[in-house]
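Accompanying notes for the structure given below.
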Amino acid sequence: MANNDYAVAMKRIKCMMGTIPGTFMLPVDHGVYSGPDKQPIANVMDFIPLVNIPQFGQCKLRPIPAGGFLPCGAPITVSPWMPGDPKYLVGGMPALTYNSKLICCQGGVISIEK
């Protein structure tokens, strides 16, 4: 896999059930970098709500009777991104790729834009 296929910090991230995108955060990098701007590469364990994964505005799975939706709040992510690249370890864990997805327990699927 090419080095530019690995997901890096500060990329746009979205939940298919959220109303707005956010930014993928990596407050502590793993010491592995990619691209001309040397952004840190993430691994599959970088799924912590409000640390790595932002809120996504309103959640389309939480409608309110008067119309609209309740706020997303903190995404409920309890398991790692899938799949990672087991051939390339970052911080001892499979590297996160742009094909990786993260499941929110509310029912959304989170992805990182390339």
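So you can find residues: chains in the structure tokens are A, B, ... in the order shown, residues in each start at 1, and ligands are numbered from 1 in order.
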Give me the residues near A:Pro75 as an mmCIF file with N, CA and C atoms, in the first residue's frame, where near means some atom within 7 Å (using only C-alpha atoms) and where sequence neighbours in that chain fewer than 6 positions away do not count.
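File produced: selection18.cif:
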data_model
loop_
_atom_site.group_PDB
_atom_site.id
_atom_site.type_symbol
_atom_site.label_atom_id
_atom_site.label_comp_id
_atom_site.auth_asym_id
_atom_site.auth_seq_id
_atom_site.Cartn_x
_atom_site.Cartn_y
_atom_site.Cartn_z
ATOM 1 N N PRO A 49 -13.825 8.750 21.521
ATOM 2 C CA PRO A 49 -14.755 9.868 21.341
ATOM 3 C C PRO A 49 -14.235 11.149 21.987
ATOM 4 N N GLN A 55 -17.735 15.469 17.538
ATOM 5 C CA GLN A 55 -19.188 15.427 17.384
ATOM 6 C C GLN A 55 -19.510 15.755 15.933
ATOM 7 N N CYS A 104 -20.444 3.696 15.084
ATOM 8 C CA CYS A 104 -20.994 4.361 16.267
ATOM 9 C C CYS A 104 -22.148 3.501 16.765
#
Near stretch 21-31 of chain A, counting only C-alpha atoms, which residues have an atom at most 8 Å away, once you skip same-chain residues fewer than 2 positions from it, shown as a PDB file with C-alpha atoms, in the first residue's frame?
ATOM      1  CA  ALA A   9      -4.359  13.599  11.541  1.00  0.00           C
ATOM      2  CA  MET A  10      -6.327  16.724  10.662  1.00  0.00           C
ATOM      3  CA  LYS A  11      -8.277  15.112   7.822  1.00  0.00           C
ATOM      4  CA  ARG A  12     -11.991  15.700   7.381  1.00  0.00           C
ATOM      5  CA  ILE A  13     -14.060  13.003   9.074  1.00  0.00           C
ATOM      6  CA  LYS A  14     -17.776  12.369   8.757  1.00  0.00           C
ATOM      7  CA  CYS A  15     -20.554  10.197  10.107  1.00  0.00           C
ATOM      8  CA  GLY A  18     -24.362  13.348  11.281  1.00  0.00           C
ATOM      9  CA  THR A  19     -25.318  16.730   9.857  1.00  0.00           C
ATOM     10  CA  TYR A  33       4.579  10.563   9.382  1.00  0.00           C
ATOM     11  CA  PRO A  40       1.210  11.819  11.740  1.00  0.00           C
ATOM     12  CA  ILE A  41      -0.255   8.489  10.613  1.00  0.00           C
ATOM     13  CA  ALA A  42      -3.001   7.052  12.831  1.00  0.00           C
ATOM     14  CA  ASP A  46      -7.335   6.005  17.473  1.00  0.00           C
ATOM     15  CA  VAL A  51     -10.264  12.851  21.638  1.00  0.00           C
ATOM     16  CA  ASN A  52      -9.912  11.428  18.108  1.00  0.00           C
ATOM     17  CA  ILE A  53     -13.544  11.477  17.007  1.00  0.00           C
ATOM     18  CA  PRO A  54     -15.480  14.778  17.116  1.00  0.00           C
ATOM     19  CA  GLN A  55     -19.188  15.427  17.384  1.00  0.00           C
ATOM     20  CA  PHE A  56     -21.073  15.531  14.085  1.00  0.00           C
ATOM     21  CA  GLY A  57     -23.726  18.165  14.698  1.00  0.00           C
ATOM     22  CA  VAL A  90       2.061   2.246  13.634  1.00  0.00           C
ATOM     23  CA  GLY A  91       2.640   2.371  17.357  1.00  0.00           C
ATOM     24  CA  ILE A 112     -12.141   9.676   6.893  1.00  0.00           C
TER      25      ILE A 112
END
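For the choices A:Pro83, A:Leu50, A:Ala7, A:Met16, the atom-to-atom distance to A:Gln106 is smallest for A:Met16 when using only C-alpha atoms.
Of the listed residues A:Val8, A:Val44, A:Leu102, A:Val32, the one whose atoms come nearest to A:Thr77 is A:Leu102, with distances taken using only C-alpha atoms.
Shortest atom-to-atom contact with A:Ala74 among A:Cys105, A:Leu61, A:Lys38, A:Asp5: A:Cys105, counting only C-alpha atoms.
Counting from atom CA of A:Asp37, the distance to atom CA of A:Val109 is 28.2 Å.
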